$ cat input11.cif   # mmCIF, C-alpha atoms
data_final
loop_
_atom_site.label_atom_id
_atom_site.label_comp_id
_atom_site.auth_asym_id
_atom_site.auth_seq_id
_atom_site.Cartn_x
_atom_site.Cartn_y
_atom_site.Cartn_z
CA MET X 636 -29.49 54.85 -4.31
CA ARG X 637 -29.23 52.11 -1.68
CA SER X 638 -31.08 49.76 -4.03
CA MET X 639 -28.65 50.62 -6.82
CA ASN X 640 -25.63 50.01 -4.55
CA ARG X 641 -27.02 46.63 -3.53
CA MET X 642 -27.49 45.71 -7.19
CA ILE X 643 -23.92 46.73 -8.00
CA LYS X 644 -22.52 44.78 -5.04
CA ARG X 645 -24.58 41.73 -6.01
CA ALA X 646 -23.36 41.91 -9.60
CA VAL X 647 -19.73 42.21 -8.47
CA LEU X 648 -20.13 39.26 -6.08
CA THR X 649 -21.76 37.17 -8.81
CA GLY X 650 -18.90 37.99 -11.14
CA ILE X 651 -16.31 36.99 -8.55
CA LEU X 652 -18.07 33.68 -7.85
CA LEU X 653 -18.39 32.94 -11.57
CA THR X 654 -14.70 33.68 -12.11
CA LEU X 655 -13.70 31.43 -9.22
CA SER X 656 -15.93 28.65 -10.53
CA LEU X 657 -14.46 28.94 -14.02
CA ARG X 658 -10.93 28.85 -12.61
CA LEU X 659 -11.77 25.79 -10.51
CA PHE X 660 -13.16 23.82 -13.44
CA ALA X 661 -10.37 25.03 -15.74
CA ALA X 662 -7.87 23.65 -13.23
CA LEU X 663 -9.42 20.18 -13.21
CA PRO X 664 -7.58 17.64 -15.38
CA ASP X 665 -9.24 16.35 -18.54
CA GLY X 666 -8.58 12.70 -17.62
CA ASP X 667 -6.78 11.64 -20.79
CA SER X 668 -3.48 9.97 -19.94
CA GLN X 669 -1.28 7.00 -20.70
CA ILE X 670 1.45 5.15 -18.85
CA SER X 671 3.56 2.16 -19.86
CA GLY X 672 6.03 -0.25 -18.36
CA GLY X 673 7.81 -3.53 -18.89
CA THR X 674 10.33 -4.31 -21.59
CA ASN X 675 10.19 -5.14 -25.29
CA ASP X 676 7.20 -7.36 -26.15
CA LEU X 677 6.27 -7.61 -22.46
CA ARG X 678 5.37 -3.92 -22.39
CA ILE X 679 2.01 -2.93 -20.89
CA VAL X 680 0.17 0.25 -21.92
CA ILE X 681 -2.57 1.64 -19.65
CA THR X 682 -4.91 4.39 -20.84
CA THR X 683 -7.35 6.60 -18.92
CA SER X 684 -9.85 9.04 -20.39
CA GLY X 685 -11.89 12.08 -19.46
CA ARG X 686 -14.96 10.13 -20.59
CA LEU X 687 -14.40 7.89 -17.55
CA ALA X 688 -13.24 10.57 -15.08
CA GLY X 689 -9.72 9.10 -15.12
CA ALA X 690 -10.74 5.47 -14.66
CA ILE X 691 -8.72 2.89 -16.61
CA GLY X 692 -10.47 2.06 -19.86
CA SER X 693 -7.67 0.15 -21.58
CA VAL X 694 -4.90 -2.29 -20.63
CA VAL X 695 -2.95 -3.62 -23.61
CA TRP X 696 -0.23 -6.29 -23.53
CA ARG X 697 1.30 -7.84 -26.64
CA GLY X 698 -1.34 -6.09 -28.73
CA LYS X 699 -4.21 -7.65 -26.78
CA GLU X 700 -6.89 -5.52 -25.08
CA PHE X 701 -7.72 -6.81 -21.59
CA ILE X 702 -10.57 -4.41 -20.71
CA ASN X 703 -14.13 -4.21 -22.04
CA SER X 704 -14.92 -0.51 -21.77
CA PHE X 705 -18.40 -0.48 -23.29
CA ASP X 706 -20.15 1.78 -20.77
CA HIS X 707 -19.25 3.61 -17.55
CA GLY X 708 -19.51 0.42 -15.50
CA ARG X 709 -17.15 -1.82 -17.48
CA GLU X 710 -13.61 -0.72 -16.73
CA LEU X 711 -10.70 -1.55 -14.49
CA GLN X 712 -12.06 0.55 -11.66
CA SER X 713 -13.25 0.81 -8.05
CA ALA X 714 -16.61 1.30 -6.35
CA CYS X 715 -18.22 1.04 -2.93
CA SER X 716 -21.65 0.58 -1.38
CA PHE X 717 -23.04 1.02 2.10
CA ASP X 718 -25.62 -0.54 4.43
CA ASP X 719 -26.56 -3.18 1.87
CA THR X 720 -29.30 -5.66 2.70
CA PRO X 721 -31.18 -8.22 0.60
CA VAL X 722 -33.91 -5.59 0.36
CA THR X 723 -31.88 -2.48 -0.46
CA ASN X 724 -29.21 -4.12 -2.73
CA SER X 725 -25.77 -2.67 -3.41
CA GLU X 726 -26.61 -0.45 -6.40
CA THR X 727 -29.00 1.79 -4.49
CA PHE X 728 -26.14 3.61 -2.66
CA ASN X 729 -23.16 2.90 -4.85
CA PRO X 730 -20.43 5.53 -5.49
CA THR X 731 -18.61 4.43 -8.67
CA GLU X 732 -15.32 5.72 -10.05
CA ALA X 733 -16.04 5.85 -13.79
CA GLY X 734 -19.53 7.35 -13.55
CA SER X 735 -23.22 6.58 -13.35
CA ARG X 736 -25.59 4.19 -15.07
CA ASP X 737 -27.14 7.10 -16.98
CA ASP X 738 -23.72 8.00 -18.43
CA PHE X 739 -23.98 4.71 -20.37
CA THR X 740 -21.83 4.95 -23.53
CA GLY X 741 -21.69 8.75 -23.50
CA SER X 742 -18.60 10.91 -23.75
CA ARG X 743 -18.91 12.47 -20.28
CA SER X 744 -18.95 11.17 -16.72
CA THR X 745 -21.04 12.25 -13.76
CA SER X 746 -17.99 11.50 -11.60
CA ARG X 747 -15.58 14.42 -11.18
CA LEU X 748 -11.84 13.92 -11.65
CA LEU X 749 -10.08 16.17 -9.14
CA ALA X 750 -6.43 15.32 -9.83
CA LEU X 751 -4.34 13.19 -12.18
CA SER X 752 -0.64 12.49 -12.51
CA ALA X 753 0.71 10.11 -15.15
CA ARG X 754 4.48 9.77 -15.48
CA GLY X 755 6.45 6.83 -16.84
CA ASN X 756 5.01 3.69 -15.28
CA HIS X 757 3.01 5.39 -12.51
CA LEU X 758 -0.56 6.71 -12.45
CA ARG X 759 -2.25 8.58 -9.62
CA THR X 760 -5.82 9.92 -9.67
CA ARG X 761 -8.26 11.46 -7.22
CA THR X 762 -11.93 11.22 -8.11
CA GLN X 763 -15.20 12.39 -6.58
CA MET X 764 -17.37 9.42 -7.42
CA ALA X 765 -20.84 9.56 -8.93
CA PHE X 766 -23.64 7.45 -7.51
CA TRP X 767 -24.44 4.61 -9.90
CA LEU X 768 -28.14 5.49 -9.76
CA ALA X 769 -29.56 8.98 -10.14
CA PRO X 770 -32.02 10.09 -7.46
CA GLY X 771 -35.38 8.45 -8.08
CA GLU X 772 -33.97 5.65 -10.27
CA ARG X 773 -34.44 2.01 -9.36
CA SER X 774 -32.33 -1.15 -9.37
CA SER X 775 -34.30 -4.40 -9.49
CA GLY X 776 -37.34 -2.39 -8.45
CA VAL X 777 -35.62 -0.84 -5.42
CA PRO X 778 -35.33 2.98 -5.36
CA ALA X 779 -31.99 4.78 -5.02
CA ARG X 780 -31.13 5.84 -1.47
CA ASN X 781 -28.95 8.74 -2.60
CA THR X 782 -30.50 12.17 -3.12
CA THR X 783 -27.76 13.62 -5.38
CA ALA X 784 -26.09 12.41 -8.58
CA LEU X 785 -22.55 13.23 -7.38
CA SER X 786 -21.43 11.74 -4.07
CA ASP X 787 -19.08 13.16 -1.43
CA TYR X 788 -17.07 9.91 -1.43
CA ILE X 789 -13.55 10.32 -2.80
CA LEU X 790 -11.37 7.65 -4.40
CA THR X 791 -7.59 7.97 -4.68
CA LYS X 792 -5.75 5.33 -6.71
CA ASP X 793 -2.06 4.68 -7.29
CA VAL X 794 -1.14 2.25 -10.06
CA THR X 795 2.42 1.22 -10.86
CA ILE X 796 3.35 -1.07 -13.73
CA GLY X 797 5.93 -3.55 -12.45
CA PHE X 798 6.42 -5.24 -9.11
CA LYS X 799 9.74 -6.72 -8.00
CA ARG X 800 10.98 -9.04 -10.77
CA TRP X 801 7.68 -8.99 -12.68
CA GLY X 802 7.58 -6.14 -15.18
CA GLN X 803 4.05 -6.92 -16.35
CA ALA X 804 2.37 -6.91 -12.93
CA LEU X 805 0.26 -4.00 -11.67
CA ASP X 806 0.80 -2.76 -8.12
CA TYR X 807 -2.69 -1.35 -7.48
CA ARG X 808 -3.46 0.74 -4.39
CA VAL X 809 -6.70 2.53 -3.54
CA THR X 810 -8.02 4.70 -0.73
CA PHE X 811 -11.72 5.36 -0.24
CA HIS X 812 -12.52 8.49 1.75
CA VAL X 813 -15.84 8.41 3.60
CA PRO X 814 -17.11 11.89 4.53
CA ARG X 815 -17.18 12.87 8.19
CA ASP X 816 -20.96 13.34 8.33
CA ALA X 817 -21.69 9.86 6.88
CA HIS X 818 -23.25 7.32 9.21
CA HIS X 819 -23.04 3.65 8.18
CA VAL X 820 -23.02 0.30 9.91
CA SER X 821 -21.52 -1.60 6.96
CA ALA X 822 -19.55 -1.01 3.78
CA GLN X 823 -18.52 -3.08 0.80
CA TYR X 824 -15.38 -1.83 -0.90
CA GLU X 825 -14.93 -3.17 -4.40
CA ALA X 826 -11.26 -2.31 -4.21
CA VAL X 827 -10.72 -3.17 -7.85
CA THR X 828 -12.78 -4.94 -10.48
CA GLY X 829 -11.94 -5.86 -14.04
CA TYR X 830 -14.42 -6.18 -16.90
CA MET X 831 -12.82 -8.15 -19.70
CA PRO X 832 -13.63 -9.12 -23.30
CA PRO X 833 -15.76 -12.30 -23.73
CA GLU X 834 -12.88 -14.47 -24.99
CA PHE X 835 -11.49 -14.50 -21.43
CA ASP X 836 -13.92 -17.29 -20.66
CA HIS X 837 -11.67 -19.85 -18.93
CA TYR X 838 -11.75 -19.29 -15.16
CA TRP X 839 -9.20 -20.62 -12.67
CA VAL X 840 -8.60 -20.49 -8.93
CA PHE X 841 -5.11 -20.56 -7.40
CA ASP X 842 -4.53 -23.29 -4.84
CA SER X 843 -1.96 -21.77 -2.49
CA GLN X 844 -1.26 -25.17 -0.90
CA THR X 845 -0.10 -26.78 -4.16
CA GLY X 846 0.91 -23.63 -6.07
CA THR X 847 -1.26 -24.64 -9.03
CA LEU X 848 -4.39 -23.45 -10.80
CA LYS X 849 -7.63 -25.41 -10.72
CA PRO X 850 -10.60 -24.95 -13.08
CA LEU X 851 -13.32 -22.69 -11.70
CA SER X 852 -16.92 -22.24 -12.80
CA HIS X 853 -18.21 -18.90 -14.06
CA GLY X 854 -19.74 -18.33 -10.66
CA PRO X 855 -21.02 -16.13 -9.24
CA SER X 856 -20.29 -17.71 -5.84
CA PRO X 857 -17.40 -15.96 -4.00
CA VAL X 858 -14.05 -17.62 -3.25
CA HIS X 859 -11.21 -16.76 -0.86
CA ASP X 860 -8.28 -17.62 -3.14
CA SER X 861 -6.90 -15.66 -6.07
CA ILE X 862 -8.73 -16.11 -9.36
CA VAL X 863 -7.54 -15.89 -12.98
CA LEU X 864 -9.44 -15.27 -16.22
CA ALA X 865 -7.76 -16.50 -19.41
CA THR X 866 -8.31 -17.16 -23.09
CA ALA X 867 -8.82 -20.77 -24.18
CA ASP X 868 -5.28 -21.09 -25.56
CA GLY X 869 -3.68 -19.65 -22.41
CA ARG X 870 -1.83 -16.94 -24.34
CA PHE X 871 -3.51 -14.15 -22.37
CA ALA X 872 -4.53 -14.08 -18.72
CA MET X 873 -5.23 -11.63 -15.91
CA GLY X 874 -5.55 -12.45 -12.23
CA ILE X 875 -6.05 -10.74 -8.90
CA PHE X 876 -4.13 -11.18 -5.63
CA ALA X 877 -4.54 -9.44 -2.29
CA PRO X 878 -3.35 -10.59 1.12
CA PRO X 879 -5.40 -10.20 4.29
CA GLN X 880 -4.99 -6.56 5.32
CA LYS X 881 -5.36 -5.87 9.00
CA GLN X 882 -7.95 -3.17 9.44
CA ARG X 883 -10.61 -2.67 12.05
CA ASP X 884 -13.93 -4.51 11.52
CA THR X 885 -12.74 -5.74 8.10
CA ALA X 886 -13.19 -9.08 6.31
CA GLY X 887 -11.49 -10.01 3.05
CA PRO X 888 -10.21 -10.19 0.50
CA ILE X 889 -13.15 -11.92 -1.11
CA TYR X 890 -13.02 -12.64 -4.85
CA GLY X 891 -16.05 -12.74 -7.12
CA ARG X 892 -16.50 -13.61 -10.76
CA TRP X 893 -19.25 -13.55 -13.37
CA TYR X 894 -19.69 -14.27 -17.05
CA PHE X 895 -22.41 -12.29 -18.83
CA LYS X 896 -22.91 -14.21 -22.06
CA ASP X 897 -25.56 -11.94 -23.56
CA ALA X 898 -23.61 -8.77 -22.69
CA ARG X 899 -20.38 -10.40 -23.96
CA VAL X 900 -18.31 -9.51 -20.93
CA ALA X 901 -16.32 -11.37 -18.26
CA LYS X 902 -15.81 -9.95 -14.78
CA TRP X 903 -13.67 -10.49 -11.69
CA THR X 904 -13.63 -8.47 -8.48
CA CYS X 905 -11.73 -8.09 -5.20
CA VAL X 906 -13.87 -7.00 -2.25
CA PHE X 907 -13.29 -6.02 1.37
CA ARG X 908 -16.25 -5.78 3.75
CA VAL X 909 -16.43 -3.61 6.87
CA ALA X 910 -19.18 -3.94 9.50
CA ASN X 911 -19.93 -2.72 13.00
CA PRO X 912 -23.50 -2.49 14.37
CA ARG X 913 -22.45 0.56 16.40
CA GLY X 914 -21.24 2.33 13.26
CA ILE X 915 -18.12 2.16 11.11
CA HIS X 916 -15.65 5.03 11.19
CA SER X 917 -15.51 7.79 8.59
CA GLY X 918 -12.25 8.76 6.93
CA ASN X 919 -9.89 6.61 4.89
CA TYR X 920 -10.02 2.93 3.95
CA SER X 921 -6.93 1.80 2.04
CA TYR X 922 -6.24 -1.46 0.19
CA ARG X 923 -3.40 -2.84 -1.88
CA MET X 924 -3.66 -5.50 -4.58
CA LEU X 925 -1.44 -7.02 -7.28
CA ILE X 926 -2.77 -7.78 -10.76
CA PRO X 927 -0.72 -10.32 -12.74
CA ILE X 928 -0.89 -10.05 -16.54
CA GLY X 929 0.68 -12.40 -19.07
CA THR X 930 0.30 -15.93 -20.33
CA LEU X 931 -1.54 -18.36 -18.09
CA ALA X 932 1.79 -19.95 -17.12
CA GLU X 933 3.32 -16.54 -16.28
CA VAL X 934 0.34 -15.50 -14.18
CA THR X 935 0.57 -18.80 -12.30
CA ASP X 936 4.26 -18.18 -11.61
CA MET X 937 3.51 -14.69 -10.31
CA LEU X 938 0.82 -15.91 -7.92
CA ARG X 939 3.10 -18.70 -6.70
CA ASP X 940 5.91 -16.21 -6.18
CA TRP X 941 3.75 -13.74 -4.26
CA HIS X 942 2.16 -16.29 -1.97
CA HIS X 943 5.56 -17.79 -1.19
CA LEU X 944 7.23 -14.44 -0.47
CA LYS X 945 4.41 -13.21 1.77
CA ILE X 946 5.17 -9.78 0.38
CA PHE X 947 2.98 -7.70 2.66
CA LYS X 948 4.12 -9.20 5.98
#
$ encode --input "input11.cif" --output "structure tokens"
Amino acid sequence: MRSMNRMIKRAVLTGILLTLSLRLFAALPDGDSQISGGTNDLRIVITTSGRLAGAIGSVVWRGKEFINSFDHGRELQSACSFDDTPVTNSETFNPTEAGSRDDFTGSRSTSRLLALSARGNHLRTRTQMAFWLAPGERSSGVPARNTTALSDYILTKDVTIGFKRWGQALDYRVTFHVPRDAHHVSAQYEAVTGYMPPEFDHYWVFDSQTGTLKPLSHGPSPVHDSIVLATADGRFAMGIFAPPQKQRDTAGPIYGRWYFKDARVAKWTCVFRVANPRGIHSGNYSYRMLIPIGTLAEVTDMLRDWHHLKIFK
């Protein structure tokens, strides 16, 4: 009789746990959303998808797609890595918003979207990021340092289309949450990175002293001034701007760029680095950037405007 009672109690408990689990997953958003902003032919449309756990897979302006969303690494998204060295490399402990390397071109993401709100010109998401590598996988011959596929590192992003007088700018804010039990001496926060179609192959750097753009190589050496990627005719361009943001043990912004000819993709990134040999703090790391979109001339005007106004002071 006691054995039978235990079996009944166990079955009831299992049923309760299964019901709670089903309710939890049923409550999670599917990740498909769209926001828009701007006016008339200057309108921008941003699209997220469940495939990418709510990461931005499309930015369209004047009918032109600005994002190459081939796999789960090529989006307008955020990522972070910890305790990188020349030996370990950044991909071996690399929570990534849109998903893992194994997700590739599939319809699902290892990352878990926890919350999404998309209204008018504003998008907000909260994502439990997947590690880029699965346990046991290697990057450049170096094994993954993570022991699970899904990390405990949470990304919250707030994206608003429009900033001050510029309707086609993106006000892009992110917060990385590092779990309390994590112990790191350094972190690299890729606050936002954009993977773009191959025709965005003309690279520029903004000279804040003269307020003009200067030609820039395809890199990949980092620079400390805003960069712009544009088409050859200058009809379409996207840049990245972030001011120094006073936070403990933090360096940046640092801008990187690459051009992967064989993969047919262009990339820019905005990075902040945190280091302390005694250990960096857990909790939240927040960053704010502006992304200008438009013609090359319009993007230049936006960068000139923002540097002059010193908007974050």
$ resolve_selection --input "input11.cif" --expression "the PyMOL selection byres ((chain X and resi 766-782) around 7)" --output "PyMOL selection string"
chain X and resi 723+726-731+734-736+764-765+783-786
$ axis_aligned_box --input "input11.cif" --around "range 907-910 of chain X" --padding-each-side "4 Å" --output "lines of an AutoDock Vina configuration file"
center_x = -16.2
center_y = -4.8
center_z = 5.4
size_x = 13.9
size_y = 10.4
size_z = 16.1
$ residues_near_point --input "input11.cif" --point "(7.2, -5.7, -18.3)" --cutoff "9 Å" --atoms "all atoms listed in the file" --output "PDB file with C-alpha atoms, in the frame of the given file"
ATOM      1  CA  SER X 671       3.560   2.160 -19.860  1.00  0.00           C
ATOM      2  CA  GLY X 672       6.030  -0.250 -18.360  1.00  0.00           C
ATOM      3  CA  GLY X 673       7.810  -3.530 -18.890  1.00  0.00           C
ATOM      4  CA  THR X 674      10.330  -4.310 -21.590  1.00  0.00           C
ATOM      5  CA  ASN X 675      10.190  -5.140 -25.290  1.00  0.00           C
ATOM      6  CA  ASP X 676       7.200  -7.360 -26.150  1.00  0.00           C
ATOM      7  CA  LEU X 677       6.270  -7.610 -22.460  1.00  0.00           C
ATOM      8  CA  ARG X 678       5.370  -3.920 -22.390  1.00  0.00           C
ATOM      9  CA  ILE X 679       2.010  -2.930 -20.890  1.00  0.00           C
ATOM     10  CA  ILE X 796       3.350  -1.070 -13.730  1.00  0.00           C
ATOM     11  CA  GLY X 797       5.930  -3.550 -12.450  1.00  0.00           C
ATOM     12  CA  TRP X 801       7.680  -8.990 -12.680  1.00  0.00           C
ATOM     13  CA  GLY X 802       7.580  -6.140 -15.180  1.00  0.00           C
ATOM     14  CA  GLN X 803       4.050  -6.920 -16.350  1.00  0.00           C
ATOM     15  CA  ALA X 804       2.370  -6.910 -12.930  1.00  0.00           C
TER      16      ALA X 804
END
$ atom_distance --input "input11.cif" --atom1 "CA of Val794 in chain X" --atom2 "CA of Ala733 in chain X"
15.8 Å
$ residues_around --input "input11.cif" --residues "Leu925 in chain X" --least-positions-apart "4" --cutoff "12 Å" --atoms "all atoms listed in the file" --output "PyMOL selection string"
chain X and resi 793-799+801+803-809+826-828+861-862+873-878+905+934+937-938+940-942+946-947
$ write_last_selection --input "input11.cif" --atoms "C-alpha atoms" --output "CSV table (one decimal), in the coordinates of the input"
chain,number,residue,atom,x,y,z
X,793,ASP,CA,-2.1,4.7,-7.3
X,794,VAL,CA,-1.1,2.2,-10.1
X,795,THR,CA,2.4,1.2,-10.9
X,796,ILE,CA,3.4,-1.1,-13.7
X,797,GLY,CA,5.9,-3.6,-12.4
X,798,PHE,CA,6.4,-5.2,-9.1
X,799,LYS,CA,9.7,-6.7,-8.0
X,801,TRP,CA,7.7,-9.0,-12.7
X,803,GLN,CA,4.0,-6.9,-16.4
X,804,ALA,CA,2.4,-6.9,-12.9
X,805,LEU,CA,0.3,-4.0,-11.7
X,806,ASP,CA,0.8,-2.8,-8.1
X,807,TYR,CA,-2.7,-1.4,-7.5
X,808,ARG,CA,-3.5,0.7,-4.4
X,809,VAL,CA,-6.7,2.5,-3.5
X,826,ALA,CA,-11.3,-2.3,-4.2
X,827,VAL,CA,-10.7,-3.2,-7.8
X,828,THR,CA,-12.8,-4.9,-10.5
X,861,SER,CA,-6.9,-15.7,-6.1
X,862,ILE,CA,-8.7,-16.1,-9.4
X,873,MET,CA,-5.2,-11.6,-15.9
X,874,GLY,CA,-5.6,-12.4,-12.2
X,875,ILE,CA,-6.0,-10.7,-8.9
X,876,PHE,CA,-4.1,-11.2,-5.6
X,877,ALA,CA,-4.5,-9.4,-2.3
X,878,PRO,CA,-3.4,-10.6,1.1
X,905,CYS,CA,-11.7,-8.1,-5.2
X,934,VAL,CA,0.3,-15.5,-14.2
X,937,MET,CA,3.5,-14.7,-10.3
X,938,LEU,CA,0.8,-15.9,-7.9
X,940,ASP,CA,5.9,-16.2,-6.2
X,941,TRP,CA,3.8,-13.7,-4.3
X,942,HIS,CA,2.2,-16.3,-2.0
X,946,ILE,CA,5.2,-9.8,0.4
X,947,PHE,CA,3.0,-7.7,2.7
$ resolve_selection --input "input11.cif" --expression "the PyMOL selection byres ((chain X and resi 910) around 8)" --output "VMD selection string"
chain X and resid 820 to 822 884 to 885 908 to 909 911 to 912 914 to 915
$ write_last_selection --input "input11.cif" --atoms "C-alpha atoms" --output "short mmCIF file (atom, residue, chain, number, x, y, z; two decimals), in the coordinates of the input"
data_model
loop_
_atom_site.label_atom_id
_atom_site.label_comp_id
_atom_site.auth_asym_id
_atom_site.auth_seq_id
_atom_site.Cartn_x
_atom_site.Cartn_y
_atom_site.Cartn_z
CA VAL X 820 -23.02 0.30 9.91
CA SER X 821 -21.52 -1.60 6.96
CA ALA X 822 -19.55 -1.01 3.78
CA ASP X 884 -13.93 -4.51 11.52
CA THR X 885 -12.74 -5.74 8.10
CA ARG X 908 -16.25 -5.78 3.75
CA VAL X 909 -16.43 -3.61 6.87
CA ASN X 911 -19.93 -2.72 13.00
CA PRO X 912 -23.50 -2.49 14.37
CA GLY X 914 -21.24 2.33 13.26
CA ILE X 915 -18.12 2.16 11.11
#
$ decode --input "input11.cif" --residues "range 917-931 of chain X" --atoms "N, CA and C atoms" --output "PDB file, in the first residue's frame"
ATOM      1  N   SER X 917      29.848  40.702 -11.371  1.00  0.00           N
ATOM      2  CA  SER X 917      28.707  40.093 -12.040  1.00  0.00           C
ATOM      3  C   SER X 917      27.602  41.142 -12.127  1.00  0.00           C
ATOM      4  N   GLY X 918      26.475  40.749 -12.690  1.00  0.00           N
ATOM      5  CA  GLY X 918      25.377  41.706 -12.814  1.00  0.00           C
ATOM      6  C   GLY X 918      25.295  42.307 -14.196  1.00  0.00           C
ATOM      7  N   ASN X 919      24.854  43.576 -14.271  1.00  0.00           N
ATOM      8  CA  ASN X 919      24.511  44.191 -15.546  1.00  0.00           C
ATOM      9  C   ASN X 919      25.624  45.059 -16.118  1.00  0.00           C
ATOM     10  N   TYR X 920      25.778  44.960 -17.445  1.00  0.00           N
ATOM     11  CA  TYR X 920      26.661  45.820 -18.224  1.00  0.00           C
ATOM     12  C   TYR X 920      25.823  46.413 -19.349  1.00  0.00           C
ATOM     13  N   SER X 921      25.639  47.727 -19.337  1.00  0.00           N
ATOM     14  CA  SER X 921      24.735  48.376 -20.283  1.00  0.00           C
ATOM     15  C   SER X 921      25.488  49.323 -21.210  1.00  0.00           C
ATOM     16  N   TYR X 922      25.069  49.346 -22.490  1.00  0.00           N
ATOM     17  CA  TYR X 922      25.714  50.185 -23.497  1.00  0.00           C
ATOM     18  C   TYR X 922      24.648  50.762 -24.427  1.00  0.00           C
ATOM     19  N   ARG X 923      24.959  51.955 -24.928  1.00  0.00           N
ATOM     20  CA  ARG X 923      24.036  52.625 -25.840  1.00  0.00           C
ATOM     21  C   ARG X 923      24.794  53.066 -27.093  1.00  0.00           C
ATOM     22  N   MET X 924      24.221  52.767 -28.252  1.00  0.00           N
ATOM     23  CA  MET X 924      24.816  53.121 -29.526  1.00  0.00           C
ATOM     24  C   MET X 924      23.758  53.772 -30.425  1.00  0.00           C
ATOM     25  N   LEU X 925      24.210  54.462 -31.449  1.00  0.00           N
ATOM     26  CA  LEU X 925      23.338  54.969 -32.502  1.00  0.00           C
ATOM     27  C   LEU X 925      23.808  54.393 -33.830  1.00  0.00           C
ATOM     28  N   ILE X 926      22.848  53.954 -34.638  1.00  0.00           N
ATOM     29  CA  ILE X 926      23.155  53.374 -35.947  1.00  0.00           C
ATOM     30  C   ILE X 926      22.518  54.253 -37.020  1.00  0.00           C
ATOM     31  N   PRO X 927      23.324  55.012 -37.770  1.00  0.00           N
ATOM     32  CA  PRO X 927      22.777  55.838 -38.843  1.00  0.00           C
ATOM     33  C   PRO X 927      22.557  55.018 -40.108  1.00  0.00           C
ATOM     34  N   ILE X 928      21.413  55.219 -40.758  1.00  0.00           N
ATOM     35  CA  ILE X 928      21.063  54.516 -41.989  1.00  0.00           C
ATOM     36  C   ILE X 928      20.584  55.539 -43.001  1.00  0.00           C
ATOM     37  N   GLY X 929      21.034  55.423 -44.238  1.00  0.00           N
ATOM     38  CA  GLY X 929      20.608  56.349 -45.271  1.00  0.00           C
ATOM     39  C   GLY X 929      21.577  56.346 -46.427  1.00  0.00           C
ATOM     40  N   THR X 930      21.626  57.447 -47.151  1.00  0.00           N
ATOM     41  CA  THR X 930      22.662  57.614 -48.163  1.00  0.00           C
ATOM     42  C   THR X 930      23.983  57.905 -47.449  1.00  0.00           C
ATOM     43  N   LEU X 931      25.076  57.801 -48.168  1.00  0.00           N
ATOM     44  CA  LEU X 931      26.374  58.073 -47.559  1.00  0.00           C
ATOM     45  C   LEU X 931      26.430  59.510 -47.042  1.00  0.00           C
TER      46      LEU X 931
END
